[in-house]
Structure formats: structure tokens, C-alpha cells
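File shown: coords-v7.txt. Contents: compact mmCIF, C-alpha atoms.
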```txt
# COMPACT_ATOMS: atom_id res chain seq x y z
CA MET O 30 -9.88 -14.03 6.68
CA SER O 31 -8.91 -15.22 3.22
CA ASP O 32 -10.90 -13.27 0.63
CA ARG O 33 -10.29 -13.86 -3.08
CA ARG O 34 -11.56 -10.35 -3.66
CA LEU O 35 -8.39 -8.92 -2.13
CA ALA O 36 -4.97 -9.89 -3.48
CA ILE O 37 -1.45 -8.67 -4.10
CA GLY O 38 1.29 -10.46 -5.99
CA PRO O 39 3.15 -10.82 -9.27
CA HIS O 40 0.24 -12.23 -11.28
CA VAL O 41 -1.21 -10.42 -14.31
CA LEU O 42 -4.43 -8.62 -13.37
CA ASP O 43 -7.83 -9.56 -14.79
CA VAL O 44 -10.50 -6.95 -14.16
CA GLY O 45 -13.15 -9.22 -15.63
CA GLU O 46 -12.45 -11.76 -12.90
CA LEU O 47 -12.86 -9.01 -10.30
CA ALA O 48 -16.16 -7.91 -11.83
CA ALA O 49 -17.38 -11.51 -11.59
CA LEU O 50 -16.28 -11.71 -7.93
CA VAL O 51 -18.46 -8.75 -6.95
CA ALA O 52 -21.44 -9.71 -9.09
CA GLY O 53 -22.95 -11.93 -6.40
CA ASP O 54 -24.79 -15.23 -6.68
CA GLU O 55 -28.19 -13.80 -7.43
CA PRO O 56 -28.44 -12.61 -11.06
CA GLY O 57 -29.35 -8.96 -11.28
CA ALA O 58 -28.77 -8.18 -7.61
CA HIS O 59 -26.49 -5.36 -8.69
CA GLY O 60 -27.58 -2.80 -11.25
CA ALA O 61 -24.11 -1.32 -11.56
CA VAL O 62 -20.57 -2.64 -11.76
CA VAL O 63 -17.81 -0.04 -12.03
CA THR O 64 -14.25 -1.08 -12.81
CA PHE O 65 -11.00 0.82 -12.68
CA VAL O 66 -7.65 -0.27 -14.10
CA GLY O 67 -4.51 1.69 -13.25
CA THR O 68 -1.78 1.23 -15.86
CA VAL O 69 1.93 2.05 -15.99
CA ARG O 70 2.57 5.45 -17.59
CA ASN O 71 5.55 5.99 -19.89
CA LEU O 72 6.10 9.58 -18.70
CA ASN O 73 6.40 10.78 -15.13
CA GLN O 74 7.30 14.32 -14.15
CA GLY O 75 8.60 14.95 -17.65
CA ARG O 76 10.93 11.96 -17.74
CA ARG O 77 10.56 8.93 -19.95
CA VAL O 78 10.09 5.78 -17.90
CA ILE O 79 11.78 2.73 -19.43
CA ARG O 80 10.82 0.20 -16.80
CA LEU O 81 9.15 0.02 -13.46
CA GLU O 82 8.93 -2.26 -10.47
CA TYR O 83 6.49 -2.38 -7.59
CA GLU O 84 7.55 -3.64 -4.20
CA ALA O 85 5.09 -4.43 -1.42
CA TYR O 86 4.97 -5.69 2.13
CA GLU O 87 2.37 -8.24 1.16
CA PRO O 88 0.96 -9.36 4.54
CA LEU O 89 0.49 -5.74 5.60
CA ALA O 90 -0.92 -4.83 2.18
CA LEU O 91 -3.63 -7.45 2.69
CA ARG O 92 -4.37 -5.89 6.09
CA ALA O 93 -4.63 -2.46 4.44
CA PHE O 94 -6.90 -3.88 1.74
CA ALA O 95 -9.20 -5.39 4.40
CA ILE O 96 -9.32 -2.02 6.20
CA ILE O 97 -10.32 -0.33 2.92
CA ARG O 98 -12.95 -3.01 2.20
CA ASP O 99 -14.43 -2.48 5.68
CA GLU O 100 -14.45 1.31 5.26
CA VAL O 101 -16.30 0.89 1.96
CA ALA O 102 -18.86 -1.32 3.71
CA ALA O 103 -19.37 1.35 6.38
CA HIS O 104 -19.88 4.19 3.86
CA TRP O 105 -21.81 2.28 1.18
CA PRO O 106 -23.45 -0.77 2.80
CA SER O 107 -24.92 -1.95 -0.49
CA ALA O 108 -21.60 -1.89 -2.35
CA ARG O 109 -19.21 -4.82 -2.78
CA VAL O 110 -15.62 -4.32 -3.90
CA ALA O 111 -12.75 -6.48 -5.15
CA PHE O 112 -9.27 -5.20 -5.91
CA HIS O 113 -5.90 -6.67 -6.79
CA HIS O 114 -2.48 -5.01 -6.95
CA ARG O 115 0.40 -6.36 -8.99
CA THR O 116 4.02 -6.45 -7.80
CA GLY O 117 7.40 -6.92 -9.44
CA PRO O 118 8.41 -5.61 -12.87
CA ILE O 119 5.46 -4.35 -14.92
CA ALA O 120 5.68 -3.37 -18.59
CA LEU O 121 4.56 0.07 -19.76
CA GLY O 122 0.82 0.10 -20.40
CA GLU O 123 0.13 -2.98 -18.29
CA ALA O 124 -2.13 -2.88 -15.26
CA SER O 125 -0.65 -2.32 -11.81
CA VAL O 126 -3.99 -2.20 -10.03
CA ALA O 127 -7.53 -3.33 -10.86
CA ILE O 128 -10.72 -2.58 -8.94
CA ALA O 129 -14.34 -3.65 -9.32
CA ALA O 130 -17.26 -2.22 -7.34
CA ALA O 131 -20.84 -3.40 -7.56
CA SER O 132 -23.98 -1.89 -6.12
CA PRO O 133 -27.70 -1.77 -6.90
CA ARG O 134 -27.20 1.92 -7.83
CA ARG O 135 -24.50 3.46 -10.01
CA ALA O 136 -23.71 6.38 -7.68
CA ASP O 137 -22.60 4.04 -4.90
CA ALA O 138 -20.64 1.81 -7.30
CA PHE O 139 -18.72 4.79 -8.73
CA ALA O 140 -18.07 6.24 -5.27
CA ALA O 141 -16.92 2.93 -3.80
CA CYS O 142 -14.58 2.30 -6.73
CA ARG O 143 -13.06 5.79 -6.46
CA TYR O 144 -12.71 5.44 -2.68
CA VAL O 145 -10.73 2.22 -3.06
CA ILE O 146 -8.12 3.78 -5.36
CA GLU O 147 -7.83 6.98 -3.29
CA ARG O 148 -7.45 5.07 -0.06
CA LEU O 149 -5.12 2.49 -1.58
CA LYS O 150 -2.76 5.29 -2.61
CA GLN O 151 -2.85 6.61 0.95
CA ILE O 152 -2.23 3.49 3.02
CA ALA O 153 -1.27 0.40 0.96
CA PRO O 154 2.37 -0.51 1.71
CA VAL O 155 3.41 -0.53 -1.94
CA TRP O 156 6.39 1.30 -3.43
CA LYS O 157 7.06 2.22 -7.04
CA HIS O 158 10.61 2.16 -8.38
CA GLU O 159 10.88 3.97 -11.72
CA TYR O 160 13.87 3.58 -14.02
CA PHE O 161 14.77 6.21 -16.61
CA GLU O 162 17.50 6.17 -19.24
CA ASP O 163 19.75 8.14 -16.92
CA GLY O 164 18.83 6.93 -13.46
CA ASP O 165 16.09 5.70 -11.20
CA VAL O 166 13.84 7.02 -8.47
CA TRP O 167 11.59 5.65 -5.74
CA ILE O 168 8.25 7.42 -6.01
CA GLU O 169 7.08 8.47 -2.56
CA GLY O 170 3.54 9.64 -1.89
CA ALA O 171 1.59 9.48 1.34
CA VAL O 172 2.72 8.68 4.86
CA ALA O 173 0.84 5.43 5.51
CA ASP O 174 -1.41 5.86 8.54
CA PRO O 175 -4.82 4.17 8.41
CA SER O 176 -5.92 6.04 11.56
CA ASP O 177 -5.38 9.47 9.97
CA GLU O 178 -8.96 10.79 9.92
CA LYS O 179 -8.13 13.75 7.67
CA ALA O 180 -6.78 11.44 4.97
CA LYS O 181 -9.87 9.24 5.26
CA GLU O 182 -12.15 12.27 4.91
CA GLU O 183 -10.19 13.46 1.88
CA ALA O 184 -10.59 10.07 0.19
CA PHE O 185 -14.32 10.13 0.94
CA ARG O 186 -14.67 13.71 -0.35
CA ARG O 187 -12.97 12.82 -3.64
CA SER O 188 -15.15 9.73 -4.03
CA CYS O 189 -18.32 11.77 -3.84
CA ALA O 190 -17.16 14.79 -5.85
CA MET C 5 16.00 -8.58 23.36
CA ARG C 6 16.16 -9.19 19.65
CA VAL C 7 13.74 -8.12 16.92
CA THR C 8 13.77 -8.56 13.17
CA VAL C 9 13.64 -5.34 11.17
CA LEU C 10 12.36 -5.08 7.59
CA LEU C 11 13.18 -2.07 5.43
CA PHE C 12 11.14 -1.23 2.35
CA GLY C 13 11.40 0.99 -0.71
CA ARG C 14 14.17 3.56 -0.68
CA LEU C 15 15.02 2.64 2.92
CA HIS C 16 16.58 -0.65 1.83
CA ASP C 17 18.49 1.08 -0.95
CA LEU C 18 19.93 3.56 1.54
CA ALA C 19 20.74 0.92 4.15
CA GLY C 20 21.97 -1.61 1.62
CA LEU C 21 19.85 -4.41 3.03
CA ARG C 22 16.24 -5.44 3.45
CA GLU C 23 16.35 -7.30 6.71
CA LEU C 24 18.43 -7.11 9.88
CA GLU C 25 18.37 -8.14 13.51
CA CYS C 26 18.36 -5.42 16.16
CA GLU C 27 19.10 -5.65 19.86
CA VAL C 28 16.85 -3.34 21.92
CA PRO C 29 16.06 -3.08 25.65
CA ARG C 30 13.05 -4.98 27.06
CA GLU C 31 9.73 -3.16 26.55
CA ALA C 32 11.34 -0.87 23.98
CA ALA C 33 9.00 1.08 21.72
CA VAL C 34 9.08 0.98 17.93
CA SER C 35 10.82 4.38 18.09
CA ALA C 36 13.75 2.77 19.92
CA VAL C 37 14.05 0.21 17.14
CA TRP C 38 14.07 3.07 14.62
CA GLN C 39 16.85 4.75 16.66
CA ALA C 40 18.86 1.54 16.50
CA VAL C 41 18.39 1.41 12.73
CA THR C 42 19.38 5.05 12.17
CA GLY C 43 22.38 4.54 14.46
CA ARG C 44 23.58 1.81 12.17
CA PHE C 45 22.50 3.44 8.91
CA PRO C 46 22.55 7.25 9.31
CA ALA C 47 21.46 7.63 5.66
CA VAL C 48 17.89 6.67 6.60
CA ALA C 49 17.63 9.24 9.43
CA PRO C 50 15.98 11.94 7.24
CA TYR C 51 12.92 9.64 7.10
CA ALA C 52 12.24 10.17 10.82
CA ARG C 53 9.23 12.39 10.09
CA SER C 54 7.73 10.46 7.20
CA VAL C 55 8.34 6.83 8.16
CA SER C 56 5.50 4.67 9.43
CA ALA C 57 5.73 1.28 11.06
CA ALA C 58 4.17 -2.13 11.38
CA VAL C 59 4.73 -4.90 13.91
CA ASN C 60 3.98 -8.45 12.83
CA ALA C 61 2.12 -7.06 9.78
CA GLU C 62 -0.19 -4.75 11.71
CA PHE C 63 0.03 -0.96 11.48
CA VAL C 64 1.34 0.54 14.74
CA LYS C 65 2.38 3.87 16.22
CA MET C 66 6.03 4.65 16.95
CA THR C 67 5.10 4.52 20.65
CA THR C 68 3.89 0.90 20.46
CA ALA C 69 5.96 -1.51 22.56
CA VAL C 70 7.71 -4.42 20.85
CA ASP C 71 8.34 -7.96 22.08
CA GLU C 72 11.18 -10.40 21.69
CA GLY C 73 11.15 -11.90 18.17
CA ASP C 74 8.75 -9.34 16.69
CA GLU C 75 8.97 -8.42 13.02
CA VAL C 76 9.20 -4.62 12.88
CA ALA C 77 8.77 -3.05 9.45
CA PHE C 78 9.62 0.52 8.53
CA LEU C 79 7.67 2.01 5.66
CA PRO C 80 8.71 5.09 3.73
CA PRO C 81 5.85 7.09 2.13
CA VAL C 82 3.84 4.72 -0.04
CA ALA C 83 3.11 4.92 -3.76
CA GLY C 84 0.75 2.18 -4.82
CA GLY C 85 -1.88 2.36 -7.51
```
Let me see the structure of the file written as C-alpha cells.
Amino acid sequence: MSDRRLAIGPHVLDVGELAALVAGDEPGAHGAVVTFVGTVRNLNQGRRVIRLEYEAYEPLALRAFAIIRDEVAAHWPSARVAFHHRTGPIALGEASVAIAAASPRRADAFAACRYVIERLKQIAPVWKHEYFEDGDVWIEGAVADPSDEKAKEEAFRRSCA
Amino acid sequence: MRVTVLLFGRLHDLAGLRELECEVPREAAVSAVWQAVTGRFPAVAPYARSVSAAVNAEFVKMTTAVDEGDEVAFLPPVAGG
């Protein structure tokens, strides 16, 4: 089930590579490619972040990514997505996540791209450790449960807003 | 029987380690493994309501049964992106 379109690891992200991976073999098959790059913010909840590290359970993250890819395929059959998440220490302003979504129509490409980031934040087993000048904190967001239908609906609703 | 437990995020900070072996009864559920972990590291007990779990890198419920040698991971609330 190896798919170059889904990856997690310490490598620097290249959204252009992801855009190429979803473009397809046939030139012009997709009229729209939407990309999203999430970068490390220097302020969080009013505190100045000096460094940051992402930890992941990589084999499970790849499972979660495949679940998200399959959900995208079910909602937007014409869309293709690729997304990579970076782990380890990441400098301020650098990319922690990159997503590309392609579709013949822009509405589906935008929606699919948004769905990936919303869903990734809900279920990907990734943890963010932020360090400030006077301490550190593990950021904790959603309880990871891919079978939670309400969370899935919320991600879909946001994607189509 | 013996299972390998992986702790992620703040859980490994609280427990002071990322990986441990746990002895649980045959046909124990994931919840019994969690009980064994909180028995050894009470500091992680407040995560009882927000922790989720995986066995051999597949998402599972706390009621899922585990087997000898399984890798059981406990996941605090996630924060990717």
C-alpha cells in the first residue's frame, strides 16, 4: 500500500513535488490544483515560541493518512490528494504540513484540500511540543477517533463552507 | 501474557519513558493494558477520558482484545498540522 503521495518524516517539505504527484499522467486532466502549506507560528496563545518539535507514531500516521485519502475519494471522486507531514524539530516559519489537491473543477479541489487539513488535525497521531523562553507545553487538540462520525461531518462541513 | 506499550506526546513525559513491557491476563482488552500503565504511572491516569489507542498500528477501541506480543500504543489528544 506504499503511496508516495502520503508521507511523514523528518524531511523538508516540497509542495511543488506534491502538486506534481497529483497532476496525473495526462496533461490537462485537472483544471485545478490547490495547495496548502501549514507553517510554524512564532506566537501561540500569547506566548513567544522559540522552538518546536513534532512527534508522530509514523506507521499509524500513514494509516490515518490512507483513511483520509479514502474519505476524500468517497466525497469527491474526481479529486486526487497528496500530503506530507514533517516531524522532529522545525524552525519558525518552516512548513510542518503540505497538501496538494487536484480536480477537474476548482470547487472540488478547494474542498478536498480543506478536508485533508481538517481531518488530519482530528485523527493524525502527531503531537506538537512547543518551547517558550520560560517553559514548554505539549499542544493537545482532538481525541483521535477515525470512527467518530460527528468529527467527520464537521470536517466535511468546514470543507464546503 | 506480555505486550509492548508505546506512550506518545505528554504521556511519555509524565511516565518518563516511551516504551515498556506489560504483563496482562490472556484475552485482556486494551483497557486492561491502560489500567496496568496507570497502575505503574499514576501521573497519566487523568488521560483516561481523552486517550485513544492503537494495536499493531491500527486504531482500536479500548474494548478490543489484545494478543501476546502485540504493540499497544496510547495516544493523547493529537495536534498535527
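Among the candidate residues C:Ala69, C:Ala36, C:Val9, C:Ala57, the one lying nearest to chain O is C:Ala57, with distances computed using all atoms listed in the file.
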Interface, chain C side, toward chain O (7 Å; only C-alpha atoms) as a VMD selection string: chain C and resid 13 to 14 54 to 56 61 to 62 81 to 85
Report the centre and edge lengths, in Å to one decimal, of an axis-aligned box enclosing every atom of segment 54-71 of chain C listed in the file, padded by 6 Å on each side, as lines of an AutoDock Vina configuration file.
```
center_x = 4.1
center_y = 1.0
center_z = 14.9
size_x = 20.5
size_y = 30.9
size_z = 27.4
```
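Taking all atoms listed in the file into account, the residues near (-16.3, 12.4, -2.8), no farther than 10 Å, are Phe139, Ala140, Ala141, Arg143, Tyr144, Glu182, Glu183, Ala184, Phe185, Arg186, Arg187, Ser188, Cys189 and Ala190 of chain O.
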Write the residues of the preceding selection, restricted to C-alpha atoms, as a PDB file, in the coordinates of the input.
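Result file is again.pdb:
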```
ATOM      1  CA  PHE O 139     -18.720   4.790  -8.730  1.00  0.00           C
ATOM      2  CA  ALA O 140     -18.070   6.240  -5.270  1.00  0.00           C
ATOM      3  CA  ALA O 141     -16.920   2.930  -3.800  1.00  0.00           C
ATOM      4  CA  ARG O 143     -13.060   5.790  -6.460  1.00  0.00           C
ATOM      5  CA  TYR O 144     -12.710   5.440  -2.680  1.00  0.00           C
ATOM      6  CA  GLU O 182     -12.150  12.270   4.910  1.00  0.00           C
ATOM      7  CA  GLU O 183     -10.190  13.460   1.880  1.00  0.00           C
ATOM      8  CA  ALA O 184     -10.590  10.070   0.190  1.00  0.00           C
ATOM      9  CA  PHE O 185     -14.320  10.130   0.940  1.00  0.00           C
ATOM     10  CA  ARG O 186     -14.670  13.710  -0.350  1.00  0.00           C
ATOM     11  CA  ARG O 187     -12.970  12.820  -3.640  1.00  0.00           C
ATOM     12  CA  SER O 188     -15.150   9.730  -4.030  1.00  0.00           C
ATOM     13  CA  CYS O 189     -18.320  11.770  -3.840  1.00  0.00           C
ATOM     14  CA  ALA O 190     -17.160  14.790  -5.850  1.00  0.00           C
TER      15      ALA O 190
END
```
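Distance annotation: of O:Gly75, O:Phe94, O:Gly53, O:Leu81, the residue with the minimal separation from Ala108 of chain O is O:Gly53; atom set is all atoms listed in the file.
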Who sits within 12 Å of Leu10 of chain C, only C-alpha atoms, same chain under 2 positions skipped, as a PyMOL selection string: (chain O and resi 85-86) or (chain C and resi 7-8+12-13+15-16+19-26+37-38+41+57-61+74-80)
Between atom CA of Ala180 of chain O and atom CA of Ser35 of chain C, distance in Å (one decimal):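 Spanning atom CA of Ala180 of chain O to atom CA of Ser35 of chain C is a straight-line distance of 23.1 Å.
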Between atom CA of Asp165 of chain O and atom CA of Phe45 of chain C - distance in Å to one decimal: 21.2 Å
For atom CA of Ser107 of chain O and atom CA of Asp54 of chain O, the interatomic separation in Å (one decimal):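 Answer for the atom CA of Ser107 of chain O to atom CA of Asp54 of chain O separation: 14.7 Å.
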Using all atoms listed in the file: which of O:Leu72, O:Ala120, O:Val101, O:Val110 has the shortest distance to Val44 of chain O: O:Val110
